[in-house]
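K.L.:
Got a structure for you, questions after.
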Amino acid sequence: MWACPVLPVAGLLLSLLLASAYSPDDGCALNTTVVATEELATPTFASTEYTTSIVDSEFIVTFTSYYTAEARDGFVSAALQPFSSWSIVPRPNPGQQYPSDFSLVRLWGEDPSGALEALRQHRLIRRVTPQRKLTRLLTFAGDDPTSSRSGQSCVWETEWKSRRPNKASLEDAPAGRHWYVGRRLMRALPRQVTSALQADVLWSMGHTGKGVKVAIFDTGLARSHPHFKKVSDRTNWTDEKSLEDGLGHGTFVAGVIASSSECLGFAPDADLYVFRVFTNSQVSYTSWFLDAFNYAILKRINILNLSIGGPDFLDQPFVDKVWELTANGVVMVSAIGNDGPLYGTLNNPADMMDVIGVGGINFENEIARFSSRGMTTWELPEGYGRVKPDIVSYGSGVRGSALHGGCRSLSGTSVASPVVAGAVTLLAGAVSHSYVNPASMKQALMASAQRLPGVNMFEQGHGKLDLLRAYHMLNTYKPQATLSPSYIDLTECPYFWPYCAQPMYYGAAPVIINVTILNGLGVTGRVVGKPTWHPYLPHNGHFLEVSLSYPQTLWPWSGYLAVRLSVAREARDREPGFAGEAQGHITLTITSPATTLQGESLMHTVHLPVKVAIVPTPPRSRRLLWDQFHNLRYPAGYFPRDNLRMKNDPLDWNGDHIHTNFKDMFTALRSSGYFVEVQGSSFTCFDASQYGALLLVDSEEEFFPAEVEKLQADVAERGLSLVVFADWYNTDVMRKIKFYDENTRQWWMPDTGGANVPALNDLLSPWGIALSDEVLEGEFSLADHKVHFASGSSIARFPDDGLLVTRDLNNQGSEVVHGSSTVLSDVPVLGLYQTPGGGGKLVVYGDSNCLDSAHMQRDCFWLLEALLKYATSSAAIPPFTYSEHHRPHPPALPQRMDGNRLHHYSRVLDPQKPFKYQPVPSCPQLIWAKPRPINSSDSSHIIKLPSRGVLSQPGPDDDITVLDPHSLPSTVLDTEDSNFLLLFGLAAVVALLLWVFCRRRKRPRGRRALILSKFPVV
């Protein structure tokens, strides 16, 4: 009997249709069993680590303008005439025949300070800074670069390696890998990233990047590589005599941008300018980049991709040159870094506001685990960081050109960056008007991006790159200013995490939102008058106080608007205390001068909607104050890692903020009902009577004597409790972990230990408490919990009536210094003390690694919560086993290391006189903006919170056309998901027709006609 094959045929058709949708016919069969989820299995991971170091005796002398080599040599000679131990370092590269704005000078001798000061005094010399060496460690985990040489083999690796967290090196197996053993629907990976972003739509319109000059700063490119149509220029800026790519990274990046064969790039007809700035040993110098950047300006480059980055945002000549590049109209795209999932790991220059910083996602539209997270940390000492990355795009399993031909698949934000750079190149060639500049391109990309659900703004920025929406916005673009973020909604979770994680209340430290101003009107601009605050009276806006700070001049293309929000006294005075939402908006006007003599200046008014949640002030016992003022990090000093086992990550550079590497601790405290505020100024500036406890965690800074005095009074008279989580400090260990760079001939000596224990001991001395110079590690049990003690210190002195917890630990300091470790018995690691007279309580623990997500082996959030419960209330003493006696021979107290350079980076010490204190800085005095209320009769002026980014927010003063991203034709808006639904529908129709045909064969002819008559004839 004939069987009707409805399901087999329909299934076959569906699979064929899906394969054709996600795998263009490029001669390579796709393995559709690959799981495209980051934590399950990923393609090859291109891990890129960067280290920077100062080159001994070499200095970059930056001039006020561009001069010929002869003129520059004359200026240096005139400045250094009284000195003999110096020379000008020659720079034989393609830019040597052109004027430049810097020279490289070598000074030798014991003390070059006199020569440096003479250079700085010359009227045509703007700055003198040390030359820096940049070393890149590029690792392809599990990659076989020859596996797809023919273009016929699709290799998808199942190995992913990260250096964070809990790994001693890149080669260690991932400790946190998760394998899914059940069944789940898997999406086939697209064969071409260009297809995933629908670049073929623009290609079909004749746009292929023709006429756009795109620069690739990387490892070079082979002259005869078969994938590229137009390599306009190849230049070498290194000290190696080669233009070839010996590593393959530069070739891959170039292929993602402009390959015309096999693994397609976005802009195959673009003019490629290849800058070889890394040697085959993956070394570069600041001066190489500066010369290459100058050459890029000379060649009038339009787009520049930097798949590089590092934590050193204080390399000022490099930063200045990036500003100069964008000021000259170069759209710079840069990778945000591969240091995720830890927060506070953004790389420079992607963390700069005039640069498009790109994070990575996989083809399931999930944030890639390796992608670095915000916030920016270079502004933390002044208050708070900004939103970065700007956007995210595919960076996991992307195919690009292999070294000598064929294709390979790589992962990393150094892959996501050329994806965006290629898209930007394609867009720049597709729009006809002259408004394409670093600001307008960034505005269009951010406003058109697709927001990823369930992901906060410090992970995704404005969302996933949407090429076609960006094209529509650029085609209809009018010069304007925009804000990033474009609105403030502290009730919107999780996108506005961490702001949405804690409501506001009266008496709290002001909440700081650092907003970026993007000025598409011109490279320079200014704020007209003063920004204004418009509270919405029907929406309780009068319960908010707003303070605004901003620069008078915006350059290049950008600026900032620092918004500080506080709850007004009126909210507290309402019985029983106001609980609800408050709304309003901030208005500011930007103007830019005319770009031509006959032109007129441009002006644009933008609005920033504000919405916050307010609750009654919580009880004192639930309010905690986090000390941020005394946390220091790299750059510029050498502040070493807290966990000495983590040798592959020597620097403490994540900001030590509750929203960066202490994010998980903050989340745990909020889950337990605590409210955590940040103290960004000295201890002389807060009211201790409002807080249950002050948290001092991993402090590297010194303390003013006035702070020590005030804190003693706060504990004794105001009942403030003090909770200290310290780290190691031992001068012998510090000398041991210094390192000497053979290439730069420079010693790097730590400026402090994991924490500044001598300073902490000064702070704790009024109570007879001190930490030792022992460096200890080990594991032990505490109240049925396992505890990992990682490179911590012990307690050397404690009051006789205090409580001490002791454990047996390994002497890690002896292992580091002498190569062998011993076990120390009954080491005091935790102390609890109730001060006399009903004052506050003191809690001291010797290790902070269990709170710090950077190198956490095992968290101790439970311990912190137990200690806070004891410290902030009348709760019983935690049920630990306490020692009945103190150590008979307490260890020595650590002494500050002679010759350290902490005073150069400290806000407490005099930079000119080590161990001398600066005057205590005055406490911040905010000037609140005068409110201009909008009541119910003015409801038309209320600015609604946007559901997604748009280039212009509507307002009564706007004269710029509002661009609506939803007005795209449906044929242009098709995405992978809509394609999937369409094809699924086609397969369903085929199955239905087969079913009808089968029924017709089985039934009598009369019944068959009756059934068919139910369907309309077409």
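Following the order of the structure tokens, first chain is A, next is B, and so on, with residues numbered from 1 inside each chain and ligands from 1 in the order they appear.
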Near range 913-920 of chain A, counting only C-alpha atoms, which residues have an atom at most 8 Å away, once you skip same-chain residues fewer than 2 positions from it, shown as a ChimeraX atom specification?
P.N.:
/A:682,704,706,901,903,907-911,922
K.L.:
Between CA of Ala368 in chain A and CA of Asn456 in chain A, what is the spacing in Å?
P.N.:
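These atoms are spaced 13.5 Å apart.
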K.L.:
Would you list the contacts of Glu570 in chain A as a PDB file with C-alpha atoms, in the first residue's frame, taking every protein, DNA or RNA residue within 7 Å and counting only C-alpha atoms, but skipping same-chain residues closer than 3 positions in sequence?
P.N.:
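So the final result, stored in out_14.pdb, reads:
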```pdb
ATOM      1  CA  PHE A 543      11.432  65.629  44.539  1.00  0.00           C
ATOM      2  CA  ASP A 573       9.215  65.547  54.777  1.00  0.00           C
ATOM      3  CA  ARG A 574       6.211  63.870  53.200  1.00  0.00           C
TER       4      ARG A 574
END
```
K.L.:
At a cut-off of 10 Å, can you tabulate as JSON lines every residue of range 113-137 of chain A near range 80-96 of chain A together with its closest atom pair and the distance in Å to one decimal, using only C-alpha atoms and ordering rows by chain then number?
P.N.:
```
{"residue": "A:Gly114", "atom": "CA", "partner": "A:Phe83", "partner_atom": "CA", "distance": 8.7}
{"residue": "A:Ala115", "atom": "CA", "partner": "A:Leu80", "partner_atom": "CA", "distance": 6.3}
{"residue": "A:Leu116", "atom": "CA", "partner": "A:Leu80", "partner_atom": "CA", "distance": 8.8}
{"residue": "A:Glu117", "atom": "CA", "partner": "A:Leu80", "partner_atom": "CA", "distance": 9.7}
{"residue": "A:Ala118", "atom": "CA", "partner": "A:Leu80", "partner_atom": "CA", "distance": 6.5}
{"residue": "A:Leu119", "atom": "CA", "partner": "A:Leu80", "partner_atom": "CA", "distance": 6.9}
{"residue": "A:His122", "atom": "CA", "partner": "A:Leu80", "partner_atom": "CA", "distance": 9.7}
```
K.L.:
Separation of CA of Thr595 in chain A and CA of Ala327 in chain A, in Å?
P.N.:
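For CA of Thr595 in chain A relative to CA of Ala327 in chain A, the distance reads 13.1 Å.
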K.L.:
Would you pick out the contacts of Val387 in chain A at 10 Å or less, using only C-alpha atoms, so that residues sharing its chain but fewer than 3 positions from it are not included, and give the list as a list in words?
P.N.:
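Residues meeting the cut-off are Asp351, Met353, Arg373, Gly374, Met375, Thr376, Asp390, Met457, Phe458, Glu459, Gln460, Gly461, His462, Ser484, Pro485, Ile513, Asn514, Val515 and Thr516 of chain A.
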K.L.:
Find, counting only C-alpha atoms, the residue in A:Asn338, A:Asn305, A:Thr129, A:Ser281 that gets nearest to Ser417 in chain A.
P.N.:
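The shortest atom-to-atom distance to Ser417 in chain A comes from A:Asn305.
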K.L.:
Find the residues near Pro381 in chain A: any atom within 12 Å, counting only C-alpha atoms, skip ones fewer than 6 places away on the same chain, and give them as a count of residues only.
P.N.:
18
K.L.:
Please determine, counting only C-alpha atoms, which residue among A:Ser432, A:Thr482, A:Gln583, A:Thr731 has the shortest atom-to-atom distance to Asp898 in chain A.
P.N.:
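Among the listed residues, A:Thr731 lies closest to Asp898 in chain A.
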K.L.:
Extract the full set of alpha helix (DSSP H) residues from range 511-589 of chain A according to DSSP on the backbone, and format it as a list in words.
P.N.:
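Here are the alpha helix (DSSP H) residues of range 511-589 of chain A: Arg569, Glu570, Ala571, Arg572 and Asp573 of chain A.
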K.L.:
Nearest to Gly559 in chain A among A:Gln198, A:Thr524, A:Ser547, A:Ser259, with distances taken over only C-alpha atoms: which residue is it?
P.N.:
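Of A:Gln198, A:Thr524, A:Ser547, A:Ser259, the one nearest Gly559 in chain A, counting only C-alpha atoms, is A:Thr524.
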K.L.:
Of the candidates A:Tyr273, A:Tyr384, A:Phe59, A:Trp108, which one gets nearest to Thr286 in chain A if we count only C-alpha atoms?
P.N.:
A:Phe59
K.L.:
Among range 605-677 of chain A, which residues does DSSP mark as strand (DSSP E or B) when it is run on the backbone? Keep the chain and numbering as in the structure and answer as number ranges by chain.
P.N.:
A: 605-614, 623-627, 640, 651, 675-677
K.L.:
Tell me, as a VMD selection string, which residues lie within 12 Å of Arg645 in chain A, counting only C-alpha atoms; anything in the same chain fewer than 4 positions away does not count.
P.N.:
chain A and resid 165 to 169 640 to 641 649 to 650 737 775 to 778 789 to 792 812 to 813 815 to 816 849 855 to 857
K.L.:
Could you write out that same residue set with N, CA, C and O atoms as an mmCIF file, in the first residue's frame?
P.N.:
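Saved result, result19.cif, follows:
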```cif
data_model
loop_
_atom_site.group_PDB
_atom_site.id
_atom_site.type_symbol
_atom_site.label_atom_id
_atom_site.label_comp_id
_atom_site.auth_asym_id
_atom_site.auth_seq_id
_atom_site.Cartn_x
_atom_site.Cartn_y
_atom_site.Cartn_z
ATOM 1 N N PRO A 165 38.302 33.951 34.839
ATOM 2 C CA PRO A 165 39.136 34.006 36.022
ATOM 3 C C PRO A 165 39.736 32.639 36.315
ATOM 4 O O PRO A 165 39.495 31.679 35.595
ATOM 5 N N ASN A 166 40.470 32.508 37.417
ATOM 6 C CA ASN A 166 40.894 31.243 37.992
ATOM 7 C C ASN A 166 41.825 30.451 37.100
ATOM 8 O O ASN A 166 41.807 29.237 37.104
ATOM 9 N N LYS A 167 42.625 31.121 36.303
ATOM 10 C CA LYS A 167 43.539 30.381 35.450
ATOM 11 C C LYS A 167 44.930 30.978 35.584
ATOM 12 O O LYS A 167 45.101 32.182 35.604
ATOM 13 N N ALA A 168 45.901 30.115 35.647
ATOM 14 C CA ALA A 168 47.264 30.588 35.821
ATOM 15 C C ALA A 168 47.878 31.058 34.520
ATOM 16 O O ALA A 168 48.807 31.822 34.505
ATOM 17 N N SER A 169 47.355 30.589 33.388
ATOM 18 C CA SER A 169 47.894 31.004 32.101
ATOM 19 C C SER A 169 46.880 30.740 31.023
ATOM 20 O O SER A 169 45.858 30.099 31.245
ATOM 21 N N PRO A 640 50.458 46.085 41.922
ATOM 22 C CA PRO A 640 50.472 44.670 41.565
ATOM 23 C C PRO A 640 49.159 43.975 41.878
ATOM 24 O O PRO A 640 48.311 44.474 42.613
ATOM 25 N N ARG A 641 49.019 42.797 41.325
ATOM 26 C CA ARG A 641 47.840 41.972 41.531
ATOM 27 C C ARG A 641 47.720 41.613 43.004
ATOM 28 O O ARG A 641 48.713 41.536 43.740
ATOM 29 N N ASP A 649 48.670 38.009 34.890
ATOM 30 C CA ASP A 649 47.958 39.277 34.956
ATOM 31 C C ASP A 649 48.573 40.103 36.079
ATOM 32 O O ASP A 649 48.031 40.174 37.178
ATOM 33 N N PRO A 650 49.714 40.752 35.840
ATOM 34 C CA PRO A 650 50.488 41.332 36.934
ATOM 35 C C PRO A 650 49.944 42.635 37.491
ATOM 36 O O PRO A 650 50.392 43.072 38.541
ATOM 37 N N ILE A 737 59.037 40.548 42.930
ATOM 38 C CA ILE A 737 58.137 40.514 41.774
ATOM 39 C C ILE A 737 58.353 41.701 40.840
ATOM 40 O O ILE A 737 57.602 41.885 39.889
ATOM 41 N N VAL A 775 52.901 37.013 54.113
ATOM 42 C CA VAL A 775 52.094 36.766 52.921
ATOM 43 C C VAL A 775 51.667 35.305 52.985
ATOM 44 O O VAL A 775 52.510 34.398 52.905
ATOM 45 N N LEU A 776 50.355 35.076 53.111
ATOM 46 C CA LEU A 776 49.841 33.749 53.442
ATOM 47 C C LEU A 776 48.802 33.291 52.444
ATOM 48 O O LEU A 776 48.106 34.098 51.836
ATOM 49 N N GLU A 777 48.701 31.970 52.309
ATOM 50 C CA GLU A 777 47.659 31.390 51.474
ATOM 51 C C GLU A 777 47.281 30.022 52.019
ATOM 52 O O GLU A 777 48.041 29.396 52.764
ATOM 53 N N GLY A 778 46.084 29.575 51.637
ATOM 54 C CA GLY A 778 45.635 28.257 52.060
ATOM 55 C C GLY A 778 44.125 28.171 52.069
ATOM 56 O O GLY A 778 43.418 29.137 51.739
ATOM 57 N N PHE A 789 42.040 31.449 51.182
ATOM 58 C CA PHE A 789 42.806 32.625 51.591
ATOM 59 C C PHE A 789 43.949 32.794 50.586
ATOM 60 O O PHE A 789 44.852 31.965 50.510
ATOM 61 N N ALA A 790 43.905 33.853 49.784
ATOM 62 C CA ALA A 790 44.812 34.008 48.646
ATOM 63 C C ALA A 790 45.700 35.227 48.831
ATOM 64 O O ALA A 790 45.232 36.364 48.689
ATOM 65 N N SER A 791 46.952 35.009 49.152
ATOM 66 C CA SER A 791 47.941 36.101 49.247
ATOM 67 C C SER A 791 47.467 37.194 50.195
ATOM 68 O O SER A 791 47.458 38.375 49.845
ATOM 69 N N GLY A 792 47.067 36.795 51.373
ATOM 70 C CA GLY A 792 46.607 37.748 52.376
ATOM 71 C C GLY A 792 47.637 37.969 53.462
ATOM 72 O O GLY A 792 48.724 37.379 53.467
ATOM 73 N N GLN A 812 53.362 31.933 51.905
ATOM 74 C CA GLN A 812 53.597 32.180 50.488
ATOM 75 C C GLN A 812 54.745 33.159 50.275
ATOM 76 O O GLN A 812 55.460 33.086 49.276
ATOM 77 N N GLY A 813 54.924 34.071 51.193
ATOM 78 C CA GLY A 813 56.028 35.018 51.080
ATOM 79 C C GLY A 813 57.368 34.318 51.038
ATOM 80 O O GLY A 813 58.258 34.682 50.257
ATOM 81 N N GLU A 815 57.845 31.306 49.968
ATOM 82 C CA GLU A 815 57.922 30.626 48.673
ATOM 83 C C GLU A 815 58.361 31.585 47.577
ATOM 84 O O GLU A 815 59.176 31.238 46.713
ATOM 85 N N VAL A 816 57.828 32.815 47.592
ATOM 86 C CA VAL A 816 58.172 33.790 46.555
ATOM 87 C C VAL A 816 59.624 34.226 46.686
ATOM 88 O O VAL A 816 60.368 34.314 45.699
ATOM 89 N N ASN A 849 40.634 38.956 48.205
ATOM 90 C CA ASN A 849 40.451 38.248 46.943
ATOM 91 C C ASN A 849 39.114 37.525 46.860
ATOM 92 O O ASN A 849 38.598 37.319 45.760
ATOM 93 N N HIS A 855 40.156 37.801 40.354
ATOM 94 C CA HIS A 855 40.907 36.543 40.484
ATOM 95 C C HIS A 855 40.297 35.672 41.581
ATOM 96 O O HIS A 855 41.004 34.971 42.297
ATOM 97 N N MET A 856 39.009 35.714 41.701
ATOM 98 C CA MET A 856 38.337 35.012 42.781
ATOM 99 C C MET A 856 38.418 33.496 42.610
ATOM 100 O O MET A 856 38.065 32.958 41.570
ATOM 101 N N GLN A 857 38.903 32.805 43.641
ATOM 102 C CA GLN A 857 38.902 31.346 43.659
ATOM 103 C C GLN A 857 37.583 30.820 44.236
ATOM 104 O O GLN A 857 37.014 29.869 43.720
#
```
K.L.:
For Gly692 in chain A, please output as a PyMOL selection string all residues within 6 Å (counting only C-alpha atoms; exclusion window: fewer than 3 positions along the same chain).
P.N.:
chain A and resi 620-621+623-624+720+872
